[in-house]
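Text of the file structure01.csv, holding CSV, C-alpha atoms and all ligand atoms:
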chain,number,residue,atom,x,y,z
A,1,MET,CA,15.1,-5.9,-5.9
A,2,THR,CA,12.6,-6.0,-3.0
A,3,THR,CA,15.2,-6.9,-0.3
A,4,PRO,CA,16.9,-3.9,1.4
A,5,PRO,CA,20.7,-3.6,0.9
A,6,SER,CA,22.6,-5.2,3.7
A,7,GLY,CA,23.0,-3.0,6.7
A,8,THR,CA,19.8,-1.1,6.1
A,9,GLU,CA,18.0,-0.7,9.4
A,10,PRO,CA,14.2,-1.1,9.8
A,11,PRO,CA,12.8,2.5,10.0
A,12,LYS,CA,11.7,4.2,13.2
A,13,PRO,CA,8.3,5.9,13.5
A,14,HIS,CA,8.2,9.3,12.0
A,15,PRO,CA,7.6,12.1,14.6
A,16,ASP,CA,4.4,13.0,12.8
A,17,ALA,CA,3.2,9.4,12.3
A,18,PRO,CA,-0.4,8.8,13.5
A,19,ALA,CA,-0.6,7.6,17.1
A,20,PRO,CA,-0.7,3.9,17.7
A,21,GLY,CA,-4.3,2.7,17.2
A,22,SER,CA,-5.2,5.5,14.8
A,23,ALA,CA,-7.5,4.8,11.9
A,24,LEU,CA,-5.9,5.9,8.5
A,25,GLY,CA,-8.2,7.7,6.2
A,26,THR,CA,-8.4,7.3,2.5
A,27,HIS,CA,-5.7,9.2,0.6
A,28,TYR,CA,-8.3,10.0,-2.2
A,29,SER,CA,-12.0,9.3,-2.2
A,30,GLY,CA,-11.8,8.0,-5.8
A,31,CYS,CA,-9.0,5.5,-5.1
A,32,PHE,CA,-9.9,2.0,-6.3
A,33,GLY,CA,-8.2,0.5,-3.2
A,34,CYS,CA,-9.4,2.8,-0.3
A,35,GLY,CA,-11.7,5.4,-1.8
A,36,VAL,CA,-15.0,5.7,0.0
A,37,ASP,CA,-16.8,7.1,-3.0
A,38,HIS,CA,-15.5,4.5,-5.5
A,39,PRO,CA,-18.6,2.6,-6.7
A,40,THR,CA,-16.8,-0.7,-7.3
A,41,GLY,CA,-13.6,-0.3,-5.3
A,42,LEU,CA,-12.2,-2.4,-2.6
A,43,HIS,CA,-13.1,0.1,0.2
A,44,ILE,CA,-10.2,-0.9,2.4
A,45,SER,CA,-10.0,0.9,5.6
A,46,ALA,CA,-7.0,0.5,7.8
A,47,PHE,CA,-5.3,1.5,11.1
A,48,THR,CA,-1.8,1.5,12.4
A,49,PRO,CA,-1.1,-0.4,15.6
A,50,ASP,CA,2.3,1.2,16.1
A,51,GLY,CA,3.0,4.1,13.6
A,52,LEU,CA,5.1,1.7,11.6
A,53,SER,CA,2.8,-0.9,10.1
A,54,VAL,CA,-0.8,-1.0,8.8
A,55,GLU,CA,-3.5,-3.5,9.5
A,56,ALA,CA,-6.8,-3.8,7.5
A,57,GLU,CA,-9.6,-6.1,6.6
A,58,PHE,CA,-10.8,-6.8,3.1
A,59,VAL,CA,-14.0,-8.7,2.6
A,60,VAL,CA,-13.9,-10.6,-0.7
A,61,GLY,CA,-17.2,-10.2,-2.6
A,62,GLU,CA,-18.7,-11.3,-5.8
A,63,PRO,CA,-17.4,-8.3,-7.7
A,64,HIS,CA,-13.9,-9.6,-6.9
A,65,GLN,CA,-14.2,-13.1,-8.5
A,66,GLY,CA,-11.8,-14.6,-11.0
A,67,ALA,CA,-12.8,-18.2,-11.0
A,68,PRO,CA,-16.4,-18.7,-9.8
A,69,LEU,CA,-16.7,-17.9,-6.1
A,70,LEU,CA,-12.9,-17.4,-5.8
A,71,ALA,CA,-11.0,-14.1,-5.6
A,72,HIS,CA,-9.2,-12.8,-8.7
A,73,GLY,CA,-5.4,-12.7,-8.2
A,74,GLY,CA,-5.1,-9.2,-9.6
A,75,VAL,CA,-7.7,-8.0,-7.0
A,76,LEU,CA,-5.7,-9.6,-4.2
A,77,ALA,CA,-2.5,-7.9,-5.6
A,78,THR,CA,-4.3,-4.6,-5.6
A,79,ALA,CA,-5.2,-5.1,-1.9
A,80,MET,CA,-1.5,-5.7,-1.2
A,81,ASP,CA,-0.5,-2.6,-3.2
A,82,GLU,CA,-3.0,-0.6,-1.3
A,83,VAL,CA,-2.0,-1.6,2.3
A,84,ILE,CA,1.7,-1.3,1.4
A,85,GLY,CA,1.0,2.2,0.0
A,86,MET,CA,-0.8,3.1,3.2
A,87,SER,CA,2.1,1.8,5.3
A,88,VAL,CA,4.8,3.8,3.5
A,89,TRP,CA,2.8,7.0,3.9
A,90,LEU,CA,3.4,6.6,7.6
A,91,PHE,CA,6.9,8.0,6.8
A,92,ARG,CA,5.3,11.2,5.6
A,93,LYS,CA,6.7,11.3,2.1
A,94,PRO,CA,4.9,10.5,-1.2
A,95,TYR,CA,5.9,7.2,-2.7
A,96,VAL,CA,4.7,5.2,-5.7
A,97,THR,CA,4.9,1.5,-6.4
A,98,GLY,CA,7.9,0.6,-8.5
A,99,ARG,CA,7.8,-3.1,-8.2
A,100,LEU,CA,5.3,-5.5,-6.6
A,101,GLU,CA,5.9,-9.2,-6.2
A,102,THR,CA,3.0,-11.4,-5.1
A,103,ASP,CA,2.8,-15.0,-4.0
A,104,PHE,CA,-0.6,-16.6,-4.0
A,105,LEU,CA,-0.5,-19.5,-1.5
A,106,LEU,CA,-4.2,-20.4,-1.0
A,107,PRO,CA,-7.4,-19.8,-2.9
A,108,VAL,CA,-9.5,-17.1,-1.3
A,109,PRO,CA,-13.3,-17.9,-1.5
A,110,VAL,CA,-15.9,-15.1,-1.9
A,111,GLY,CA,-17.1,-14.2,1.6
A,112,THR,CA,-13.7,-14.4,3.1
A,113,THR,CA,-12.5,-11.7,5.4
A,114,LEU,CA,-8.8,-11.2,4.5
A,115,HIS,CA,-6.8,-9.8,7.4
A,116,LEU,CA,-4.1,-7.6,5.8
A,117,ARG,CA,-0.8,-6.4,7.3
A,118,ALA,CA,1.9,-4.3,5.7
A,119,TRP,CA,5.3,-3.2,7.1
A,120,CYS,CA,8.6,-1.6,6.0
A,121,ASN,CA,11.9,-3.5,6.2
A,122,GLY,CA,14.0,-0.5,5.4
A,123,ILE,CA,14.5,2.8,3.5
A,124,SER,CA,17.6,3.6,1.5
A,125,GLY,CA,17.7,6.8,-0.4
A,126,ARG,CA,14.5,7.1,-2.4
A,127,LYS,CA,13.8,3.3,-2.2
A,128,ALA,CA,11.5,1.8,0.5
A,129,TYR,CA,11.4,-2.0,0.9
A,130,LEU,CA,8.1,-3.3,2.1
A,131,GLU,CA,6.1,-6.5,2.7
A,132,ALA,CA,2.5,-7.4,3.2
A,133,GLU,CA,0.5,-10.5,3.9
A,134,GLY,CA,-3.2,-11.5,3.8
A,135,ARG,CA,-4.5,-14.1,6.2
A,136,ILE,CA,-7.8,-15.9,5.9
A,137,GLY,CA,-10.5,-15.3,8.6
A,138,ALA,CA,-8.3,-14.0,11.4
A,139,PRO,CA,-5.1,-12.1,12.1
A,140,ASP,CA,-3.4,-15.4,12.8
A,141,GLY,CA,-5.2,-17.3,10.1
A,142,PRO,CA,-3.5,-19.1,7.3
A,143,VAL,CA,-1.5,-16.9,4.9
A,144,ALA,CA,-3.2,-16.8,1.5
A,145,VAL,CA,-1.2,-14.0,-0.1
A,146,ARG,CA,2.2,-12.5,0.4
A,147,ALA,CA,3.8,-9.5,-1.3
A,148,ALA,CA,7.1,-7.8,-1.4
A,149,ALA,CA,7.4,-4.3,-2.9
A,150,LEU,CA,9.9,-1.6,-3.8
A,151,PHE,CA,8.3,1.8,-3.5
A,152,ILE,CA,10.1,4.9,-4.9
A,153,GLU,CA,9.9,8.3,-3.3
A,154,VAL,CA,8.6,11.0,-5.6
A,155,GLU,CA,7.9,14.7,-5.2
A,156,MET,CA,4.2,15.8,-5.0
A,157,GLU,CA,5.0,17.4,-8.4
A,158,HIS,CA,4.8,13.8,-9.8
A,159,PHE,CA,1.1,13.7,-9.2
A,160,ALA,CA,0.6,17.2,-10.6
A,161,ARG,CA,2.6,16.5,-13.7
A,162,HIS,CA,1.0,13.1,-14.4
A,163,GLY,CA,-2.4,13.4,-12.7
A,164,ASP,CA,-4.2,15.7,-10.4
A,165,ALA,CA,-2.3,16.6,-7.2
A,166,GLU,CA,-4.9,19.2,-6.3
A,167,ALA,CA,-7.6,16.5,-6.0
A,168,ILE,CA,-5.5,14.8,-3.4
A,169,THR,CA,-4.6,17.9,-1.4
A,170,ALA,CA,-8.2,19.2,-1.6
A,171,GLU,CA,-9.3,16.2,0.4
A,172,HIS,CA,-6.2,15.3,2.5
A,173,HIS,CA,-4.2,18.1,3.9
A,174,ASP,CA,-1.5,15.7,5.1
A,175,PHE,CA,-0.4,15.6,1.5
A,176,GLU,CA,0.6,19.3,1.4
A,177,VAL,CA,4.2,18.1,1.6
A,178,ASN,CA,6.8,20.9,1.6
A,179,PRO,CA,10.1,19.2,1.0
B,1,LIG,C1,0.0,11.5,-2.5
B,1,LIG,C2,0.2,10.0,-2.2
B,1,LIG,C3,-0.6,9.1,-3.1
B,1,LIG,C4,-0.4,7.7,-2.8
B,1,LIG,C5,-0.9,6.8,-3.8
B,1,LIG,C6,-0.7,5.3,-3.5
B,1,LIG,C7,-1.4,4.4,-4.4
B,1,LIG,C8,-1.0,3.0,-4.3
B,1,LIG,C9,0.3,2.7,-4.8
B,1,LIG,C10,0.3,2.8,-6.3
B,1,LIG,O1,-0.4,1.9,-6.9
B,1,LIG,S1,1.2,3.9,-7.2
B,1,LIG,C11,0.8,3.7,-8.9
B,1,LIG,C12,1.6,2.6,-9.6
B,1,LIG,N1,3.0,3.1,-9.8
B,1,LIG,C13,3.3,4.1,-10.7
B,1,LIG,O2,2.5,4.6,-11.4
B,1,LIG,C14,4.7,4.4,-10.9
B,1,LIG,C15,5.1,4.6,-12.3
B,1,LIG,N2,6.6,4.7,-12.4
B,1,LIG,C16,7.2,5.9,-12.3
B,1,LIG,O3,6.5,7.0,-12.2
B,1,LIG,C17,8.7,6.0,-12.3
B,1,LIG,O4,9.2,4.8,-13.0
B,1,LIG,C18,9.3,6.1,-10.9
B,1,LIG,C19,8.8,7.3,-10.2
B,1,LIG,C20,8.9,4.8,-10.0
B,1,LIG,C21,10.8,6.1,-11.0
B,1,LIG,O5,11.2,7.0,-11.9
B,1,LIG,P1,12.3,8.2,-11.6
B,1,LIG,O6,12.7,8.7,-12.9
B,1,LIG,O7,11.8,9.1,-10.5
B,1,LIG,O8,13.5,7.3,-10.9
B,1,LIG,P2,14.5,6.3,-11.6
B,1,LIG,O9,14.0,5.6,-12.8
B,1,LIG,O10,15.8,7.0,-11.7
B,1,LIG,O11,14.6,5.2,-10.4
B,1,LIG,C22,15.1,5.6,-9.1
B,1,LIG,C23,15.7,4.4,-8.5
B,1,LIG,O12,14.7,3.4,-8.3
B,1,LIG,C24,15.0,2.2,-9.1
B,1,LIG,N3,13.7,1.7,-9.7
B,1,LIG,C25,12.7,2.4,-10.3
B,1,LIG,N4,11.8,1.7,-10.7
B,1,LIG,C26,12.1,0.4,-10.4
B,1,LIG,C27,11.5,-0.9,-10.6
B,1,LIG,N5,10.3,-1.0,-11.2
B,1,LIG,N6,12.2,-2.0,-10.1
B,1,LIG,C28,13.4,-1.8,-9.5
B,1,LIG,N7,14.0,-0.7,-9.3
B,1,LIG,C29,13.4,0.4,-9.8
B,1,LIG,C30,15.9,2.7,-10.2
B,1,LIG,O13,16.7,1.6,-10.7
B,1,LIG,C31,16.7,3.7,-9.5
B,1,LIG,O14,17.7,3.0,-8.6
B,1,LIG,P3,19.1,3.7,-8.4
B,1,LIG,O15,18.9,5.0,-7.6
B,1,LIG,O16,19.8,2.7,-7.5
B,1,LIG,O17,19.7,3.9,-9.7
As structure tokens, what does this structure read like?
Ligand SMILES: CCCCCCCCCC(=O)SCCNC(=O)CCNC(=O)[C@H](O)C(C)(C)COP(=O)(O)OP(=O)(O)OC[C@H]1O[C@@H](n2cnc3c(N)ncnc32)[C@H](O)[C@@H]1OP(=O)(O)O
Amino acid sequence: MTTPPSGTEPPKPHPDAPAPGSALGTHYSGCFGCGVDHPTGLHISAFTPDGLSVEAEFVVGEPHQGAPLLAHGGVLATAMDEVIGMSVWLFRKPYVTGRLETDFLLPVPVGTTLHLRAWCNGISGRKAYLEAEGRIGAPDGPVAVRAAALFIEVEMEHFARHGDAEAITAEHHDFEVNP
């Protein structure tokens, strides 16, 4: 379910994608993954090297423990969800996570800087097929976490109907999507 149908091409950069090297802001200051105002969130900040993928660092701290001095798997899955969500926004449509598969390959000690990367393998209709990885200590360090995801395109109305779309658009004018 997270593999694109055969024949699906990897996407090209959207004409309005941020320029290569651009930092990506938070989509909502209260977001648990990237919100700058979240008191206990992951505070992930990211950039895009190429308008197609996202890179970020996540420092695993004591609030993220599962076993003593080791990261909680659910926190690591959240970090994967976040960078994948940031990467699919490069295509300038709102998406939500439909399915998120996570492989935990190595324990991640508190104090680790996890180097995250997310990219899109293809978009078919409303479905975007994405992957992410988290490497320990360096961009070419050992892979500790891998994720594959299916994100589903929604209308902005999804956030208004189920949540508070105005809170997003008030902070982030990129989200004033006019389909
Ligand atoms: C403004 C931007 C803000 C960005 C925020 C990013 C935050 C980070 C990412 C997240 O964590 S998002 C929060 C967690 N996710 C959710 O809350 C989504 C909850 N689920 C839903 O709202 C709906 O189930 C969903 C919008 C995903 C789909 O409902 P729909 O009624 O619009 O579509 P439908 O159920 O017909 O599914 C469309 C297609 O996707 C497929 N699909 C949907 N969910 C699936 C699933 N879980 N696994 C596999 N396939 C799935 C479905 O089979 C179908 O395939 P086909 O077109 O081939 O028939």
Give me, as a tab-separated table, the closest atom pair and its distance (Å, one decimal) for every residue of chain A within a cut-off of 7 Å of ligand LIG 1 (chain B), counting only C-alpha atoms and all ligand atoms, rows sorted by chain and rising number.
residue	atom	partner	partner_atom	distance
A:Met1	CA	B:LIG1	C28	5.7
A:His27	CA	B:LIG1	C3	6.3
A:Asp81	CA	B:LIG1	C9	5.6
A:Glu82	CA	B:LIG1	C8	5.1
A:Gly85	CA	B:LIG1	C8	4.8
A:Pro94	CA	B:LIG1	C2	4.8
A:Tyr95	CA	B:LIG1	C4	6.3
A:Val96	CA	B:LIG1	S1	4.0
A:Thr97	CA	B:LIG1	N1	4.2
A:Gly98	CA	B:LIG1	N5	4.0
A:Arg99	CA	B:LIG1	N5	4.4
A:Arg126	CA	B:LIG1	C23	6.8
A:Lys127	CA	B:LIG1	O12	6.2
A:Leu150	CA	B:LIG1	C28	6.7
A:Ile152	CA	B:LIG1	C20	5.2
A:Val154	CA	B:LIG1	C19	5.9
A:Met156	CA	B:LIG1	C1	6.5
A:Ile168	CA	B:LIG1	C1	6.5
A:Phe175	CA	B:LIG1	C1	5.7
Problem set entry | Nearest to Glu171 (chain A), chosen from A:Gly25, A:Thr3, A:Ala148, A:Ala19, with all atoms listed in the file counted in the distances |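 Among A:Gly25, A:Thr3, A:Ala148, A:Ala19, it is A:Gly25 that comes nearest to Glu171 (chain A).
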Problem set entry | Proximity to Pro15 (chain A) - best of A:Pro39, A:Pro139, A:Phe58, A:Phe91, only C-alpha atoms |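 For Pro15 (chain A), the nearest of the given residues is A:Phe91.
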Considering only C-alpha atoms, return as a CSV table (one decimal) with C-alpha atoms, in the frame of the given file whatever protein or nucleic-acid residues lie within 7 Å of region 60-67 of chain A, sequence-local ones (same chain, fewer than 2 positions apart) excluded.
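And here's out-v5.csv as it stands now:
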chain,number,residue,atom,x,y,z
A,58,PHE,CA,-10.8,-6.8,3.1
A,69,LEU,CA,-16.7,-17.9,-6.1
A,70,LEU,CA,-12.9,-17.4,-5.8
A,71,ALA,CA,-11.0,-14.1,-5.6
A,72,HIS,CA,-9.2,-12.8,-8.7
A,75,VAL,CA,-7.7,-8.0,-7.0
A,110,VAL,CA,-15.9,-15.1,-1.9
A,111,GLY,CA,-17.1,-14.2,1.6
A,112,THR,CA,-13.7,-14.4,3.1
A,113,THR,CA,-12.5,-11.7,5.4
For this session: Mind giving me the straight-line distance from CA of Lys93 (chain A) to CA of Pro13 (chain A) in Å, one decimal?
Result: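 Here the two named atoms are 12.7 Å from each other.
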Protein/DNA/RNA residues near (-8.9, 2.5, -6.3), cut 12 Å, all atoms listed in the file, as a CSV table (one decimal) with C-alpha atoms, in the frame of the given file:
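So the final result, stored in result.csv, reads:
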chain,number,residue,atom,x,y,z
A,26,THR,CA,-8.4,7.3,2.5
A,27,HIS,CA,-5.7,9.2,0.6
A,28,TYR,CA,-8.3,10.0,-2.2
A,29,SER,CA,-12.0,9.3,-2.2
A,30,GLY,CA,-11.8,8.0,-5.8
A,31,CYS,CA,-9.0,5.5,-5.1
A,32,PHE,CA,-9.9,2.0,-6.3
A,33,GLY,CA,-8.2,0.5,-3.2
A,34,CYS,CA,-9.4,2.8,-0.3
A,35,GLY,CA,-11.7,5.4,-1.8
A,36,VAL,CA,-15.0,5.7,0.0
A,37,ASP,CA,-16.8,7.1,-3.0
A,38,HIS,CA,-15.5,4.5,-5.5
A,39,PRO,CA,-18.6,2.6,-6.7
A,40,THR,CA,-16.8,-0.7,-7.3
A,41,GLY,CA,-13.6,-0.3,-5.3
A,42,LEU,CA,-12.2,-2.4,-2.6
A,43,HIS,CA,-13.1,0.1,0.2
A,44,ILE,CA,-10.2,-0.9,2.4
A,75,VAL,CA,-7.7,-8.0,-7.0
A,78,THR,CA,-4.3,-4.6,-5.6
A,79,ALA,CA,-5.2,-5.1,-1.9
A,81,ASP,CA,-0.5,-2.6,-3.2
A,82,GLU,CA,-3.0,-0.6,-1.3
A,83,VAL,CA,-2.0,-1.6,2.3
A,85,GLY,CA,1.0,2.2,0.0
For this session: Extract, using all atoms listed in the file, all DNA, RNA and protein residues at most 7 Å from Val145 (chain A), discarding same-chain residues fewer than 4 positions from it, and format them as a PyMOL selection string.
Result: chain A and resi 103-105+133-134
Exercise. Smallest atom-to-atom distance to Ile123 (chain A): which of A:Ser87, A:Ser22, A:Thr8, A:Thr2, using only C-alpha atoms?
Worked result: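 Answer, going by the shortest atom-to-atom distance: A:Thr8.
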Exercise. Taking only C-alpha atoms into account, which of A:Leu106, A:Arg92, A:Glu153, A:Pro20 comes nearest Gly125 (chain A)?
Worked result: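 Looking only at the distances to Gly125 (chain A), the closest residue turns out to be A:Glu153.
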Exercise. Which residue gives the smallest distance to His14 (chain A) among A:Phe151, A:Arg117, A:Glu55, A:Leu90, with all atoms listed in the file counted?
Worked result: A:Leu90
Problem set entry | Best match for closeness to Leu52 (chain A) among A:Leu100, A:Ile84, A:Cys120, A:Leu76, counting only C-alpha atoms |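 Ranked by minimum distance to Leu52 (chain A), first place goes to A:Cys120.
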Exercise. What is the distance between CA of Phe159 (chain A) and CA of Ala77 (chain A), in Å to one decimal?
Worked result: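 Separation of CA of Phe159 (chain A) and CA of Ala77 (chain A): 22.2 Å.
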For this session: Between CA of Pro142 (chain A) and CA of Gly51 (chain A), measure the distance and give it in Å to one decimal.
Result: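 CA of Gly51 (chain A) lies at a distance of 24.9 Å from CA of Pro142 (chain A).
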For this session: Kindly extract all protein, DNA and RNA residues lying within 10 Å of the coordinates (11.1, -4.8, 9.2) given in the file, considering only C-alpha atoms, and supply them as a ChimeraX atom specification.
Result: /A:4,8-12,52-53,118-122,129-131
Filled-in N, CA and C atoms of region 137-163 of chain A, supplied as a short mmCIF file (atom, residue, chain, number, x, y, z; two decimals), keeping the file's coordinate frame:
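And here's part_28.cif as it stands now:
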data_model
loop_
_atom_site.label_atom_id
_atom_site.label_comp_id
_atom_site.auth_asym_id
_atom_site.auth_seq_id
_atom_site.Cartn_x
_atom_site.Cartn_y
_atom_site.Cartn_z
N GLY A 137 -9.52 -15.16 7.45
CA GLY A 137 -10.50 -15.30 8.60
C GLY A 137 -10.07 -14.73 9.89
N ALA A 138 -8.79 -14.53 10.14
CA ALA A 138 -8.30 -14.00 11.40
C ALA A 138 -6.92 -13.49 11.30
N PRO A 139 -6.50 -12.60 12.20
CA PRO A 139 -5.10 -12.10 12.10
C PRO A 139 -4.07 -13.13 12.19
N ASP A 140 -4.39 -14.28 12.81
CA ASP A 140 -3.40 -15.40 12.80
C ASP A 140 -3.86 -16.56 11.99
N GLY A 141 -4.77 -16.29 11.04
CA GLY A 141 -5.20 -17.30 10.10
C GLY A 141 -4.17 -17.72 9.12
N PRO A 142 -4.48 -18.70 8.28
CA PRO A 142 -3.50 -19.10 7.30
C PRO A 142 -3.20 -18.02 6.27
N VAL A 143 -1.91 -17.92 5.88
CA VAL A 143 -1.50 -16.90 4.90
C VAL A 143 -1.94 -17.32 3.53
N ALA A 144 -2.76 -16.48 2.89
CA ALA A 144 -3.20 -16.80 1.50
C ALA A 144 -2.40 -16.01 0.49
N VAL A 145 -1.95 -14.82 0.84
CA VAL A 145 -1.20 -14.00 -0.10
C VAL A 145 -0.06 -13.30 0.63
N ARG A 146 1.07 -13.27 -0.07
CA ARG A 146 2.20 -12.50 0.40
C ARG A 146 2.72 -11.61 -0.65
N ALA A 147 3.22 -10.45 -0.26
CA ALA A 147 3.80 -9.50 -1.30
C ALA A 147 5.03 -8.87 -0.74
N ALA A 148 5.91 -8.55 -1.68
CA ALA A 148 7.10 -7.80 -1.40
C ALA A 148 7.16 -6.66 -2.41
N ALA A 149 7.53 -5.47 -1.99
CA ALA A 149 7.40 -4.30 -2.90
C ALA A 149 8.63 -3.39 -2.73
N LEU A 150 8.93 -2.74 -3.84
CA LEU A 150 9.90 -1.60 -3.80
C LEU A 150 9.04 -0.38 -4.19
N PHE A 151 8.96 0.56 -3.27
CA PHE A 151 8.30 1.80 -3.50
C PHE A 151 9.36 2.90 -3.71
N ILE A 152 9.09 3.83 -4.61
CA ILE A 152 10.10 4.90 -4.90
C ILE A 152 9.49 6.23 -4.49
N GLU A 153 10.30 6.97 -3.73
CA GLU A 153 9.90 8.30 -3.30
C GLU A 153 9.80 9.23 -4.48
N VAL A 154 8.73 10.02 -4.53
CA VAL A 154 8.60 11.00 -5.60
C VAL A 154 8.25 12.37 -4.92
N GLU A 155 8.36 13.43 -5.69
CA GLU A 155 7.90 14.70 -5.20
C GLU A 155 6.38 14.80 -5.48
N MET A 156 5.68 15.66 -4.73
CA MET A 156 4.20 15.80 -5.00
C MET A 156 4.02 16.29 -6.45
N GLU A 157 5.04 16.91 -7.01
CA GLU A 157 5.00 17.40 -8.40
C GLU A 157 4.68 16.21 -9.37
N HIS A 158 5.10 14.98 -8.98
CA HIS A 158 4.80 13.80 -9.80
C HIS A 158 3.32 13.68 -10.07
N PHE A 159 2.51 13.91 -9.01
CA PHE A 159 1.10 13.70 -9.20
C PHE A 159 0.45 14.91 -9.94
N ALA A 160 1.08 16.09 -9.83
CA ALA A 160 0.60 17.20 -10.60
C ALA A 160 0.95 17.07 -12.08
N ARG A 161 2.15 16.57 -12.35
CA ARG A 161 2.60 16.50 -13.70
C ARG A 161 1.85 15.35 -14.47
N HIS A 162 1.61 14.24 -13.76
CA HIS A 162 1.00 13.10 -14.40
C HIS A 162 -0.48 12.92 -14.16
N GLY A 163 -0.97 13.57 -13.09
CA GLY A 163 -2.40 13.40 -12.70
C GLY A 163 -2.99 14.63 -12.19
#
